[in-house]
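J.: Take a look at coords.cif, mmCIF, C-alpha atoms and all ligand atoms:
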```cif
data_my_file
loop_
_atom_site.label_atom_id
_atom_site.label_comp_id
_atom_site.auth_asym_id
_atom_site.auth_seq_id
_atom_site.Cartn_x
_atom_site.Cartn_y
_atom_site.Cartn_z
CA MET A 1 11.80 24.19 8.61
CA SER A 2 10.33 22.95 5.32
CA LEU A 3 11.40 19.59 3.93
CA ALA A 4 13.33 21.34 1.15
CA GLN A 5 15.16 23.52 3.70
CA GLU A 6 16.01 20.44 5.79
CA ILE A 7 17.52 18.78 2.73
CA LEU A 8 19.56 21.85 1.82
CA GLU A 9 20.83 22.10 5.40
CA LEU A 10 21.73 18.38 5.49
CA LYS A 11 23.55 18.70 2.15
CA ARG A 12 25.71 21.38 3.70
CA SER A 13 26.33 19.72 7.06
CA GLN A 14 27.09 16.29 5.57
CA ARG A 15 29.22 17.73 2.76
CA ALA A 16 26.94 15.95 0.34
CA VAL A 17 26.14 16.31 -3.33
CA VAL A 18 22.73 15.29 -4.65
CA LEU A 19 22.74 13.71 -8.11
CA ALA A 20 19.38 13.11 -9.77
CA HIS A 21 18.47 11.24 -12.92
CA ASN A 22 16.28 12.92 -15.54
CA TYR A 23 13.45 10.53 -14.59
CA GLN A 24 13.24 11.71 -10.99
CA SER A 25 10.18 13.66 -9.90
CA PRO A 26 10.34 17.46 -10.37
CA GLU A 27 10.65 18.27 -6.66
CA ILE A 28 13.78 16.08 -6.41
CA GLN A 29 15.26 17.51 -9.63
CA ASP A 30 14.78 21.02 -8.24
CA LEU A 31 16.87 20.24 -5.13
CA ALA A 32 19.65 18.36 -6.92
CA ASP A 33 23.13 19.75 -7.58
CA TYR A 34 23.14 18.00 -10.93
CA VAL A 35 20.38 16.45 -13.04
CA GLY A 36 21.27 14.35 -16.05
CA ASP A 37 21.45 11.03 -17.83
CA SER A 38 23.59 8.05 -16.87
CA LEU A 39 26.70 9.32 -18.64
CA GLY A 40 26.54 12.79 -17.10
CA LEU A 41 25.77 11.39 -13.66
CA SER A 42 28.72 9.00 -13.71
CA GLN A 43 31.01 11.83 -14.88
CA GLN A 44 29.72 14.01 -12.02
CA ALA A 45 30.22 11.18 -9.52
CA ALA A 46 33.79 10.71 -10.74
CA ALA A 47 34.55 14.43 -10.43
CA THR A 48 32.89 15.46 -7.17
CA ASP A 49 34.91 16.37 -4.09
CA ALA A 50 31.89 15.95 -1.79
CA GLU A 51 32.21 13.34 0.95
CA VAL A 52 28.71 11.95 0.45
CA ILE A 53 26.84 11.26 -2.78
CA ALA A 54 23.05 11.04 -2.43
CA PHE A 55 22.07 9.30 -5.63
CA CYS A 56 18.46 9.90 -6.64
CA GLY A 57 18.00 7.24 -9.25
CA VAL A 58 17.87 3.46 -9.20
CA HIS A 59 20.16 0.93 -7.55
CA PHE A 60 22.59 0.26 -10.42
CA MET A 61 23.24 4.02 -10.68
CA GLY A 62 24.24 4.21 -7.03
CA GLU A 63 26.49 1.19 -7.60
CA THR A 64 28.15 2.97 -10.53
CA ALA A 65 28.88 5.96 -8.30
CA LYS A 66 30.39 3.65 -5.67
CA ILE A 67 32.47 1.87 -8.33
CA LEU A 68 33.98 5.23 -9.29
CA CYS A 69 34.22 6.68 -5.77
CA PRO A 70 35.06 3.86 -3.34
CA GLN A 71 36.21 6.27 -0.66
CA LYS A 72 32.93 8.19 -0.64
CA ILE A 73 29.68 7.34 1.11
CA VAL A 74 26.99 6.68 -1.52
CA VAL A 75 23.42 6.67 -0.27
CA LEU A 76 20.14 6.05 -2.07
CA PRO A 77 16.80 7.39 -0.87
CA ASP A 78 15.27 3.94 -1.43
CA ALA A 79 17.48 0.87 -1.82
CA ALA A 80 14.56 -1.05 -3.33
CA ALA A 81 14.54 1.18 -6.44
CA GLY A 82 15.46 -1.43 -9.02
CA CYS A 83 15.33 -1.64 -12.81
CA SER A 84 13.58 -4.15 -15.06
CA LEU A 85 16.32 -3.77 -17.66
CA SER A 86 19.08 -4.52 -15.17
CA ASP A 87 17.06 -7.47 -13.84
CA SER A 88 16.80 -8.91 -17.36
CA CYS A 89 20.50 -9.82 -17.27
CA PRO A 90 21.49 -11.49 -13.98
CA ALA A 91 25.23 -11.98 -13.46
CA ASP A 92 24.99 -15.75 -13.00
CA LYS A 93 23.15 -16.17 -16.33
CA LEU A 94 25.65 -13.96 -18.14
CA ALA A 95 28.59 -15.86 -16.63
CA ALA A 96 27.05 -19.19 -17.66
CA TYR A 97 26.42 -17.91 -21.21
CA LEU A 98 29.99 -16.64 -21.59
CA ASP A 99 31.30 -19.93 -20.28
CA GLU A 100 29.16 -21.93 -22.67
CA HIS A 101 30.30 -19.80 -25.66
CA ARG A 102 33.93 -19.32 -24.69
CA GLU A 103 35.15 -20.21 -28.18
CA ARG A 104 33.45 -17.07 -29.60
CA ASN A 105 35.74 -14.84 -27.52
CA PHE A 106 33.04 -12.18 -27.16
CA TYR A 107 33.90 -8.54 -26.60
CA VAL A 108 31.22 -7.81 -24.00
CA VAL A 109 29.63 -4.35 -24.15
CA ALA A 110 27.21 -3.53 -21.36
CA TYR A 111 24.73 -0.71 -21.36
CA ILE A 112 25.26 1.00 -18.01
CA ASN A 113 21.83 -0.21 -16.86
CA CYS A 114 23.17 -3.39 -15.23
CA SER A 115 24.42 -4.47 -11.82
CA ALA A 116 28.00 -4.12 -10.59
CA ALA A 117 28.30 -7.92 -10.74
CA VAL A 118 27.41 -7.81 -14.45
CA LYS A 119 29.75 -4.87 -15.12
CA ALA A 120 32.55 -6.93 -13.60
CA LEU A 121 32.08 -9.51 -16.39
CA CYS A 122 32.27 -6.95 -19.22
CA ASP A 123 34.95 -5.31 -21.35
CA VAL A 124 33.41 -1.86 -21.69
CA ILE A 125 30.29 -0.01 -20.55
CA CYS A 126 28.23 2.40 -22.66
CA THR A 127 25.25 4.70 -22.24
CA SER A 128 22.57 5.66 -24.75
CA GLY A 129 24.51 8.89 -25.29
CA ASN A 130 27.79 7.27 -26.30
CA ALA A 131 26.85 3.71 -27.40
CA GLN A 132 27.66 4.18 -31.10
CA ARG A 133 30.99 5.86 -30.34
CA ILE A 134 32.00 3.15 -27.85
CA VAL A 135 31.13 0.30 -30.23
CA SER A 136 33.01 1.99 -33.07
CA ARG A 137 36.24 1.71 -31.07
CA ILE A 138 36.07 -2.08 -30.73
CA PRO A 139 38.21 -4.05 -33.23
CA ARG A 140 35.97 -5.14 -36.11
CA ASP A 141 37.22 -8.72 -36.02
CA ARG A 142 35.81 -9.26 -32.53
CA GLU A 143 32.27 -10.55 -32.08
CA ILE A 144 30.38 -8.29 -29.68
CA LEU A 145 27.93 -9.51 -27.08
CA PHE A 146 25.70 -6.52 -26.30
CA ILE A 147 23.86 -6.64 -22.98
CA PRO A 148 21.26 -6.20 -21.58
CA ASP A 149 19.09 -4.06 -23.93
CA ARG A 150 18.19 -5.66 -27.26
CA ASN A 151 16.62 -2.38 -28.44
CA LEU A 152 19.66 -0.21 -27.83
CA GLY A 153 21.77 -2.96 -29.42
CA SER A 154 19.58 -3.14 -32.51
CA TRP A 155 19.71 0.66 -32.83
CA ILE A 156 23.52 0.49 -32.89
CA LEU A 157 23.33 -2.24 -35.53
CA GLU A 158 21.05 -0.05 -37.69
CA SER A 159 23.87 2.48 -37.95
CA ASP A 160 26.53 -0.20 -38.54
CA PRO A 161 24.78 -3.27 -40.02
CA THR A 162 27.98 -5.14 -40.82
CA ARG A 163 29.02 -5.28 -37.19
CA LEU A 164 29.17 -8.79 -35.78
CA MET A 165 26.96 -8.48 -32.70
CA THR A 166 24.80 -10.80 -30.60
CA LEU A 167 22.04 -9.12 -28.57
CA TRP A 168 21.06 -10.20 -25.08
CA PRO A 169 17.24 -10.52 -24.97
CA GLY A 170 16.62 -7.88 -22.29
CA GLY A 171 14.51 -4.73 -22.30
CA CYS A 172 13.10 -1.83 -20.31
CA HIS A 173 9.39 -2.28 -19.63
CA VAL A 174 8.88 1.51 -19.50
CA HIS A 175 10.09 2.06 -23.07
CA GLU A 176 8.74 -1.21 -24.46
CA ARG A 177 5.19 -0.09 -23.52
CA PHE A 178 5.21 2.45 -26.36
CA THR A 179 3.59 1.18 -29.55
CA PRO A 180 3.54 2.58 -33.11
CA ALA A 181 -0.27 2.95 -32.91
CA ALA A 182 -0.10 5.04 -29.73
CA ILE A 183 2.65 7.28 -31.13
CA GLN A 184 0.78 7.73 -34.43
CA ARG A 185 -2.37 8.75 -32.54
CA ALA A 186 -0.39 11.35 -30.56
CA ALA A 187 1.24 12.63 -33.75
CA ALA A 188 -2.19 13.01 -35.39
CA GLN A 189 -3.37 15.14 -32.45
CA HIS A 190 -0.29 17.39 -32.68
CA PRO A 191 0.60 17.41 -36.39
CA ALA A 192 3.29 20.11 -36.16
CA THR A 193 5.31 18.33 -33.52
CA LYS A 194 8.68 16.67 -33.78
CA ILE A 195 8.89 13.17 -32.31
CA LEU A 196 11.92 12.33 -30.16
CA VAL A 197 12.41 8.65 -29.36
CA HIS A 198 14.68 7.04 -26.78
CA PRO A 199 16.70 4.12 -28.21
CA GLU A 200 15.34 1.76 -25.52
CA CYS A 201 12.09 1.74 -27.58
CA ASP A 202 11.64 -1.02 -30.12
CA ALA A 203 12.52 -0.60 -33.79
CA ALA A 204 8.94 0.03 -35.00
CA VAL A 205 8.58 2.94 -32.54
CA ARG A 206 12.05 4.26 -33.30
CA ALA A 207 11.13 4.34 -37.00
CA LEU A 208 8.50 7.01 -36.22
CA GLY A 209 11.00 9.37 -34.61
CA ASP A 210 12.38 12.55 -36.18
CA ILE A 211 15.37 11.73 -34.03
CA VAL A 212 16.40 8.79 -31.86
CA CYS A 213 18.71 9.86 -29.04
CA SER A 214 19.54 9.92 -25.34
CA THR A 215 17.62 12.18 -22.99
CA GLU A 216 20.56 14.57 -22.84
CA LYS A 217 20.67 14.95 -26.62
CA MET A 218 16.90 15.52 -26.62
CA ILE A 219 17.49 18.82 -24.81
CA ALA A 220 19.99 20.08 -27.37
CA TYR A 221 17.76 18.96 -30.24
CA CYS A 222 14.71 20.83 -28.91
CA ARG A 223 16.76 23.93 -28.12
CA ASP A 224 18.27 24.04 -31.62
CA SER A 225 15.15 23.06 -33.56
CA GLU A 226 12.93 25.61 -35.25
CA ALA A 227 9.92 23.50 -34.27
CA LYS A 228 7.79 24.66 -31.36
CA GLU A 229 6.20 21.40 -30.21
CA PHE A 230 7.73 18.05 -29.35
CA ILE A 231 6.53 14.61 -28.30
CA LEU A 232 9.01 12.86 -26.02
CA VAL A 233 8.87 9.08 -26.30
CA THR A 234 10.48 8.39 -22.94
CA GLU A 235 9.74 8.67 -19.23
CA PRO A 236 7.49 11.72 -18.61
CA ALA A 237 9.63 13.29 -15.83
CA MET A 238 11.88 14.40 -18.70
CA LEU A 239 9.30 17.08 -19.47
CA HIS A 240 10.24 18.97 -16.30
CA ARG A 241 13.82 19.51 -17.40
CA MET A 242 12.74 20.35 -20.93
CA ARG A 243 10.29 22.99 -19.73
CA SER A 244 12.84 24.67 -17.51
CA GLU A 245 15.81 24.47 -19.93
CA VAL A 246 13.96 25.08 -23.21
CA PRO A 247 11.38 27.75 -22.34
CA GLY A 248 8.84 28.99 -24.85
CA LYS A 249 8.30 25.59 -26.47
CA THR A 250 5.66 22.94 -25.79
CA PHE A 251 6.36 19.34 -24.79
CA PHE A 252 4.07 16.33 -24.64
CA ALA A 253 4.68 12.97 -23.00
CA ALA A 254 4.13 10.10 -25.42
CA PRO A 255 1.15 7.90 -24.53
CA THR A 256 0.93 4.11 -24.50
CA ASP A 257 -2.06 2.11 -25.76
CA ASP A 258 -3.79 2.38 -22.40
CA ALA A 259 -2.17 5.25 -20.46
CA PRO A 260 -1.33 8.92 -21.06
CA CYS A 261 2.38 8.24 -20.46
CA SER A 262 4.80 5.52 -19.36
CA GLU A 263 6.20 6.16 -15.90
CA CYS A 264 9.08 4.25 -14.32
CA GLU A 265 7.67 3.19 -10.98
CA TYR A 266 11.16 2.38 -9.67
CA MET A 267 12.35 5.95 -10.19
CA LYS A 268 9.33 7.17 -8.25
CA TYR A 269 10.22 5.08 -5.19
CA ASN A 270 12.42 8.05 -4.24
CA THR A 271 10.65 10.87 -2.40
CA LEU A 272 11.74 14.07 -0.71
CA GLU A 273 11.14 12.45 2.70
CA LYS A 274 13.40 9.52 1.82
CA LEU A 275 16.03 11.90 0.43
CA ARG A 276 15.99 13.83 3.71
CA ASP A 277 16.23 10.59 5.72
CA CYS A 278 19.12 9.13 3.72
CA LEU A 279 21.08 12.38 4.06
CA ARG A 280 20.37 12.53 7.81
CA ASP A 281 21.07 8.83 8.56
CA LEU A 282 23.65 8.18 5.82
CA SER A 283 21.63 5.06 5.07
CA PRO A 284 20.86 3.02 3.04
CA GLN A 285 24.42 2.93 1.71
CA ILE A 286 25.79 1.16 -1.34
CA THR A 287 28.50 -1.31 -0.35
CA LEU A 288 30.62 -3.44 -2.68
CA THR A 289 33.47 -5.79 -1.95
CA GLU A 290 36.76 -4.29 -3.14
CA ASP A 291 37.35 -7.24 -5.46
CA LEU A 292 34.00 -6.78 -7.22
CA ARG A 293 34.32 -2.99 -7.30
CA ALA A 294 37.78 -3.11 -8.84
CA ARG A 295 36.68 -5.59 -11.54
CA ALA A 296 33.64 -3.44 -12.35
CA GLU A 297 35.69 -0.25 -12.44
CA THR A 298 37.87 -1.26 -15.41
CA PRO A 299 35.05 -1.27 -18.02
CA VAL A 300 33.45 1.87 -16.55
CA ARG A 301 36.76 3.78 -16.69
CA ARG A 302 37.29 2.53 -20.24
CA MET A 303 33.94 4.06 -21.18
CA LEU A 304 34.80 7.40 -19.58
CA GLU A 305 38.15 7.44 -21.36
CA TRP A 306 36.66 6.52 -24.76
CA SER A 307 33.84 9.06 -24.33
CA GLN A 308 36.37 11.87 -24.22
CA LEU A 309 38.35 10.82 -27.30
S1 LIG B 401 13.15 3.57 -17.13
FE1 LIG B 401 13.59 1.41 -17.62
S2 LIG B 401 15.83 1.33 -17.77
FE2 LIG B 401 15.31 3.24 -16.67
S3 LIG B 401 15.36 2.66 -14.49
FE3 LIG B 401 13.22 2.45 -15.17
S4 LIG B 401 13.06 0.28 -15.74
FE4 LIG B 401 15.26 0.76 -15.65
#
```
Take the structure in the file and write it out as structure tokens.
Ligand code: SF4

T.:
Amino acid sequence: MSLAQEILELKRSQRAVVLAHNYQSPEIQDLADYVGDSLGLSQQAAATDAEVIAFCGVHFMGETAKILCPQKIVVLPDAAAGCSLSDSCPADKLAAYLDEHRERNFYVVAYINCSAAVKALCDVICTSGNAQRIVSRIPRDREILFIPDRNLGSWILESDPTRLMTLWPGGCHVHERFTPAAIQRAAAQHPATKILVHPECDAAVRALGDIVCSTEKMIAYCRDSEAKEFILVTEPAMLHRMRSEVPGKTFFAAPTDDAPCSECEYMKYNTLEKLRDCLRDLSPQITLTEDLRARAETPVRRMLEWSQL
């Protein structure tokens, strides 16, 4: 039996669903029941009736699935798949900061790329797809602390500059590798292209984009656009989904100053072999204490509720 057939058979026998992030390698995307961004994946996790969720992404994503589905088994192909953005805001540092600045009564908004322990300290979660909508629902007299991504936070502030918001100094090394010079060079090589930029990039790179948006919105933009060529300023695995869902158009991965693209090495920890093994062994599993899970669930549920309004 091929590896792919083994995985399909294990999905059936374990009553499992495979969720894969847009940044997973093409062979994993092709075997997944659902491929998407963080918002879509958490909505799928919340809705599935499968008994096992095999989460092909990084650790905080598996935690989010477990927060929403405590009764289900959530496995990751590789438990060591971390995230530099999540690591940039440890829970103990956030707790100390909130304690030190208690008089400011922060409304804490966390980008979903953070640990369960950090989510448990927050008021609401957001993704790059819904960040502006979520922030718009917060009373204007409350000072917001936006964690952990300063770039996503500054992008929200660009659309609402009067908002009182403090930005946590965190970032994603994959998106912060892009520079204006590298994007301008790519644009000069492909003059007819549209440039799509993920909001985790810094402001100078975002300023070069025809659109700044989440990976999910990138698909709709390319499908609806009359343009034929696009440069995607995000993780290059996104090209696989684009090529299969928007046929007949041409996509390029954005380069950095010293590489043809900017890969997330954590996302690539997951392999087909590890996916097969985690489905077979139901390990490694995500486990959370019920107290932590319940505290983290409140802001995640608030996001899901506000996303639908
Ligand atoms: S691309 Fe950046 S934010 Fe996404 S998992 Fe990798 S390090 Fe984290």

J.: Leaving out stretch 4-15 of chain A and any residue of its chain fewer than 3 positions from it, which residues lie within 7 Å of it when counting only C-alpha atoms, given as a PDB file with C-alpha atoms, in the coordinates of the input?

T.:
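To be explicit, this is the file written out as part.pdb:
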```pdb
ATOM      1  CA  MET A   1      11.800  24.190   8.610  1.00  0.00           C
ATOM      2  CA  ALA A  50      31.890  15.950  -1.790  1.00  0.00           C
ATOM      3  CA  GLU A  51      32.210  13.340   0.950  1.00  0.00           C
ATOM      4  CA  VAL A  52      28.710  11.950   0.450  1.00  0.00           C
ATOM      5  CA  ARG A 276      15.990  13.830   3.710  1.00  0.00           C
ATOM      6  CA  LEU A 279      21.080  12.380   4.060  1.00  0.00           C
ATOM      7  CA  ARG A 280      20.370  12.530   7.810  1.00  0.00           C
TER       8      ARG A 280
END
```

J.: Within 9 Å of stretch 176-179 of chain A, counting all atoms listed in the file, which residues show up once you throw out same-chain ones fewer than 6 positions away? Write them as number ranges by chain, please.

T.: A: 151, 200-202, 204-205, 233-234, 254-257, 261-262

J.: Could I get the residue neighbourhood of ligand LIG 401 (chain B) at 9 Å, counting all atoms listed in the file, as number ranges by chain?

T.: A: 23, 57-61, 81-87, 113-114, 149, 171-176, 200, 234-235, 262-267

J.: Report, in Å to a single decimal, how far apart atom CA of A:Gln308 and atom CA of A:Tyr221 are.

T.: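 Result for atom CA of A:Tyr221 versus atom CA of A:Gln308: 20.8 Å, one decimal.
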
J.: Just give me the gap between atom CA of A:Arg241 and atom CA of A:Asp224 in Å, one decimal is fine.

T.: 15.6 Å

J.: Within 10 Å of (23.8, 1.0, -22.8), all atoms listed in the file: residues as a list of chain:residue names?

T.: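 Checking each residue against the 10 Å limit leaves A:Ser38, A:Leu39, A:Val109, A:Ala110, A:Tyr111, A:Ile112, A:Asn113, A:Cys114, A:Ile125, A:Cys126, A:Thr127, A:Ser128, A:Gly129, A:Asn130, A:Ala131, A:Gln132, A:Ile134, A:Phe146, A:Ile147, A:Pro148, A:Asp149, A:Arg150, A:Asn151, A:Leu152, A:Gly153, A:Pro199, A:Glu200.
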
J.: How many Å separate atom CA of A:Arg223 from atom CA of A:Arg243?

T.: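 These atoms are spaced 10.6 Å apart.
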
J.: List as a list in words the protein and nucleic acid residues near A:Pro70, meaning an atom at most 12 Å away when only C-alpha atoms are counted, but skip any in the same chain fewer than 3 places from it.

T.: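 These residues fall inside the cut-off: Ala45, Ala46, Glu51, Val52, Ile53, Gly62, Glu63, Thr64, Ala65, Lys66, Ile67, Ile73, Val74, Gln285, Ile286, Thr287, Leu288, Thr289, Glu290, Asp291, Leu292, Arg293, Ala294, Ala296 and Glu297 of chain A.
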
J.: Taking all atoms listed in the file into account, name the residue in A:Ala220, A:Val18, A:Met303, A:Ala207 that is nearest to A:Pro77.

T.: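 Among the listed residues, the smallest separation from A:Pro77 belongs to A:Val18.
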
J.: Restricting the calculation to only C-alpha atoms: of A:Thr250, A:Ser214, A:Val124, A:Ala117, which residue gets closest to A:Glu305?

T.: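 Comparing A:Thr250, A:Ser214, A:Val124, A:Ala117 against A:Glu305, the winner is A:Val124.
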
J.: Between A:Pro260, A:Pro26, A:Pro191, A:Pro236, which residue has the minimum interatomic distance to A:Cys56, considering only C-alpha atoms?

T.: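 That would be A:Pro26, the residue with the smallest distance to A:Cys56.
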
J.: Point out the residue among A:Arg295, A:Leu3, A:His198, A:Ala192 with the least atom-to-atom distance to A:Leu272, counting all atoms listed in the file.

T.: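 Among the listed residues, A:Leu3 lies closest to A:Leu272.
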
J.: Of the candidates A:Phe55, A:Tyr269, A:Tyr97, A:Tyr107, which shows the shortest atom-to-atom distance to A:Ser25, using only C-alpha atoms?

T.: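 Residue with the minimum atom-to-atom distance to A:Ser25: A:Tyr269.
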